[in-house]
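One structure is given below, encoded as structure tokens.
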There are 2 protein chains.
Amino acid sequence: MASLKDIADEVGVSVSLVSKVINDKLGTTGARKELIEAIKAKAEELGYKRNFNSIALLAKRQGAISVFLHRIGSKGATITEDTLEGMAESAHKHNLRMMLNFVTEYDDYIQRLQDLHTGMVDGVVLSGVYHIEAVPELLKLQKEGLKLVSTFSNPIHEKIPNVGLIEENTTYLSTKHLIEQGCESIATFDTMPQRTNGYRRALEEAGRPVNERLIFGMPHGQEGFYGSTARGALIGALESGVEIDGICAQSDTQAVYAINELLSRGVSIPGDVKITGIDNSPFCETCSVPLTSIDQKFAQRGRLAVDMLEKLMEGEPVESLKLAPELVVRKSSI
Amino acid sequence: MASLKDIADEVGVSVSLVSKVINDKLGTTGARKELIEAIKAKAEELGYKRNFNSIALLAKRQGAISVFLHRIGSKGATITEDTLEGMAESAHKHNLRMMLNFVTEYDDYIQRLQDLHTGMVDGVVLSGVYHIEAVPELLKLQKEGLKLVSTFSNPIHEKIPNVGLIEENTTYLSTKHLIEQGCESIATFDTMPQRTNGYRRALEEAGRPVNERLIFGMPHGQEGFYGSTARGALIGALESGVEIDGICAQSDTQAVYAINELLSRGVSIPGDVKITGIDNSPFCETCSVPLTSIDQKFAQRGRLAVDMLEKLMEGEPVESLKLAPELVVRKSSI
DNA sequence: TTGTAAGCGTTATCAA
DNA sequence: TTGATAACGCTTACAA
């Protein structure tokens with residue numbers, strides 16, 4: 001790998017002059033035209049590339065960030081992949097190297113956080129499942145100069161800037177859509193309070209009564225997103241004789257299981273019942289009836305989180321933000 | 001961030017002694033016990049961590065690798081995530097920083113490969129969908145000194161060491177399992193030649209005839225793994241009156257769609273028909289009938305690939321290897 | 001207009 | 001048993 005010294009030697013000038021020419025830092029004074037050209041030509045010829053380590057060393061920066069990722073998601077969704085893809089894109093743009101930390105347990109989490117002072121990274125993005133207990137440790141790291149950004153739905157702490165999502169709008173959008181499609185009795189699986197609120201708000205705004213029998217109780221937490229749990233709840237409701245012509249599921253898996261259960265009972269979708277999910281999983285395209293769903297913007301949020309971190313590292317101020325989810329309409333609801 | 005110099009100043013010794021003590025490189029000679037202890041205590045107290053950039057600078061290395069990842073997989077499987085998790089673990093172990101490159105198209109791929117000429121990384125792991133057309137460019141990079149490792153099922157080129165999988169054994173294992181469970185007429189979706197071969201071999205070894213009507217034609221390539229395509233093939237076979245009491249699907253998605261189709265026709269699973277998939281996707285646990293599947297060892301392969309790359313970077317010789325897939329038995333087949 | 005020298009944090013070699 | 005020095009590649013203040 002050619003260095004500035006190689007160029008300097010070959011052209012017969014000093015290293016510092018080469019550095020200035022290459023970086024266009026000659027200031028007001030300038031240098032002889034033929035030298036500038038010779039230097040640039042030689043750099044090109046030798047395929048000169050800057051050495052990131054020496055620059056980082058000099059700048060007292062690491063040129064690297066760490067991504068903390070506790071894998072999350074309704075099974076089969078590509079939340080982690082999408083988030084990482086966005087982060088990778090932004091990191092590439094900013095010439096940042098990433099250390100990926102997949103963590104699964106709290107002990108792990110703290111252990112890995114400790115490793116961070118290493119002077120091996122300039123900043124950290126927190127993503128996936130969040131560990132509220134880790135906040136004190138995070139704030140300690142922040143005090144030591146490490147930059148922190150998170151990509152949870154909601155901020156974990158006011159001092160840690162977050163790239164979030166307007167959770168309530170996920171179900172708000174899909175319920176509104178189902179109402180517009182003519183549904184009269186829309187059910188939901190009550191898995192996440194913010195999402196159930198969105199469902200209620202859409203009904204209220206449309207002047208519809210909220211029928212509590214259509215809000216199926218589910219375990220709050222990961223398990224509540226499982227398809228089998230949702231199918232159980234749906235079967236219970238159907239057998240108790242509740243009328244349903246729309247389902248605003250709170251995950252795609254819930255929706256798919258509902259679709260399959262209904263189809264097996266001879267119910268037509270979207271003819272008799274219209275259904276929407278959340279996650280916009282890949283299988284929305286390929287399942288029995290292509291599923292209308294909600295895009296939670298994971299790739300974009302990953303990108304923005306790293307952009308935000310880069311800004312922090314540059315000393316610029318940043319502020320938490322929340323993206324709007326987006327409705328993706330497919331056959332299951334029209 | 002505390003440096004060796006900080007420790008040296010505080011303890012009142014030279015930087016080089018501190019370096020030797022910290023790195024346990026005193027050799028045969030040794031140093032005074034109390035000094036060793038004082039240095040170690042001070043390092044602890046100041047929270048000393050090595051600066052990776054200066055080490056890399058000295059070693060004429062980047063201390064970073066690049067991961068090229070073309071996302072792959074039957075939709076809903078966690079192939080990419082699992083692979084990345086394994087790679088991240090190994091990278092962490094070796095103190096390597098990763099640049100993640102998610103690529104989707106060939107042009108992208110080549111474009112990103114060009115970036116590698118920058119000497120930003122010491123090595124590259126290639127993963128996911130492979131681009132045979134990129135081989136010449138890869139070999140060029142290799143000639144420039146960049147270390148290359150891949151994690152495709154089969155090696156892409158003899159000069160590029162690979163952490164692969166004995167593909168044939170995926171279906172071999174599951175077909176053998178179905179035979180042992182008493183299945184007489186086992187079908188498969190002919191999506192990937194190596195997998196169909198494994199299916200044939202298992203039947204032949206058991207002295208069973210291969211019934212070509214039970215080998216359902218599928219498009220070769222990603223589309224062949226889709227569930228809807230598989231369901232179509234299955235329906236066609238059923239309606240032509242073929243007897244089936246076992247299905248060795250070539251992806252989990254195929255299997256799930258087959259299960260749902262059969263259930264909707266009143267067929268009992270695993271009572272009337274036993275089914276196996278491939279990928280060991282998360283939804284194997286949660287789908288209508290928990291699905292027996294094949295673990296393709298993606299996390300382990302990711303880990304091994306980075307281990308291999310580290311070895312190459314150390315100048316050690318490495319050789320391609322193939323891992324054995326593993327059968328994970330669940331209710332759908334017993 | 002160009003060059004010298006110091007310094008970023010570390011390690012290896014050689015000297016004391 | 002300990003320390004001085006050079007080197008990795010680069011930038012910048014200052015000197016020529």
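Every chain in the structure tokens takes a letter, A first, then B, and so on in the order presented; its residues are numbered from 1, and the ligands are numbered from 1 following the presented order.
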Hey, could you make a per-residue contact list for chain C against region 53-75 of chain B with 10 Å as the cut-off, showing the nearest pair of atoms and its distance in Å to one decimal, counting only C-alpha atoms (C1' of nucleotides), sorted by chain and number, as a tab-separated table?
residue	atom	partner	partner_atom	distance
C:DC8	C1'	B:Ser54	CA	8.3
C:DG9	C1'	B:Ser54	CA	5.3
C:DT10	C1'	B:Ser54	CA	5.6
C:DT11	C1'	B:Leu58	CA	7.6
Residues of chain A within 12 Å of chain D, counting only C-alpha atoms (C1' of nucleotides), as number ranges by chain: A: 1-6, 15-20, 22-23, 25-26, 49-59
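Distance check against Lys322 (chain A) using only C-alpha atoms: of A:Asp190, A:Asn154, A:Leu138, A:Thr292, the minimum falls on A:Asn154.
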Identical-sequence pair chain B and chain A: C-alpha RMSD when superposed in order: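 The C-alpha RMSD comes out at 0.9 Å.
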Neighbours of chain B in chain A at 8 Å, counting only C-alpha atoms, as a count of residues only: 45
Sorted per-residue table, chain C near chain A, closest atoms and distance, 10 Å, only C-alpha atoms (C1' of nucleotides), as a Markdown table:
| residue | atom | partner | partner_atom | distance |
| --- | --- | --- | --- | --- |
| C:DT1 | C1' | A:Ala31 | CA | 5.6 |
| C:DT2 | C1' | A:Leu17 | CA | 7.1 |
| C:DG3 | C1' | A:Ser14 | CA | 6.3 |
| C:DT4 | C1' | A:Ser14 | CA | 9.3 |
| C:DG7 | C1' | A:Leu58 | CA | 8.2 |
| C:DC8 | C1' | A:Leu58 | CA | 4.4 |
| C:DG9 | C1' | A:Leu57 | CA | 7.6 |
DSSP strand (DSSP E) residues within region 2-72 of chain A, listed as a PyMOL selection string: chain A and resi 64-70
CA of Asp279 (chain B) to CA of Val328 (chain B), straight-line distance in Å: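 CA of Asp279 (chain B) lies 10.0 Å from CA of Val328 (chain B).
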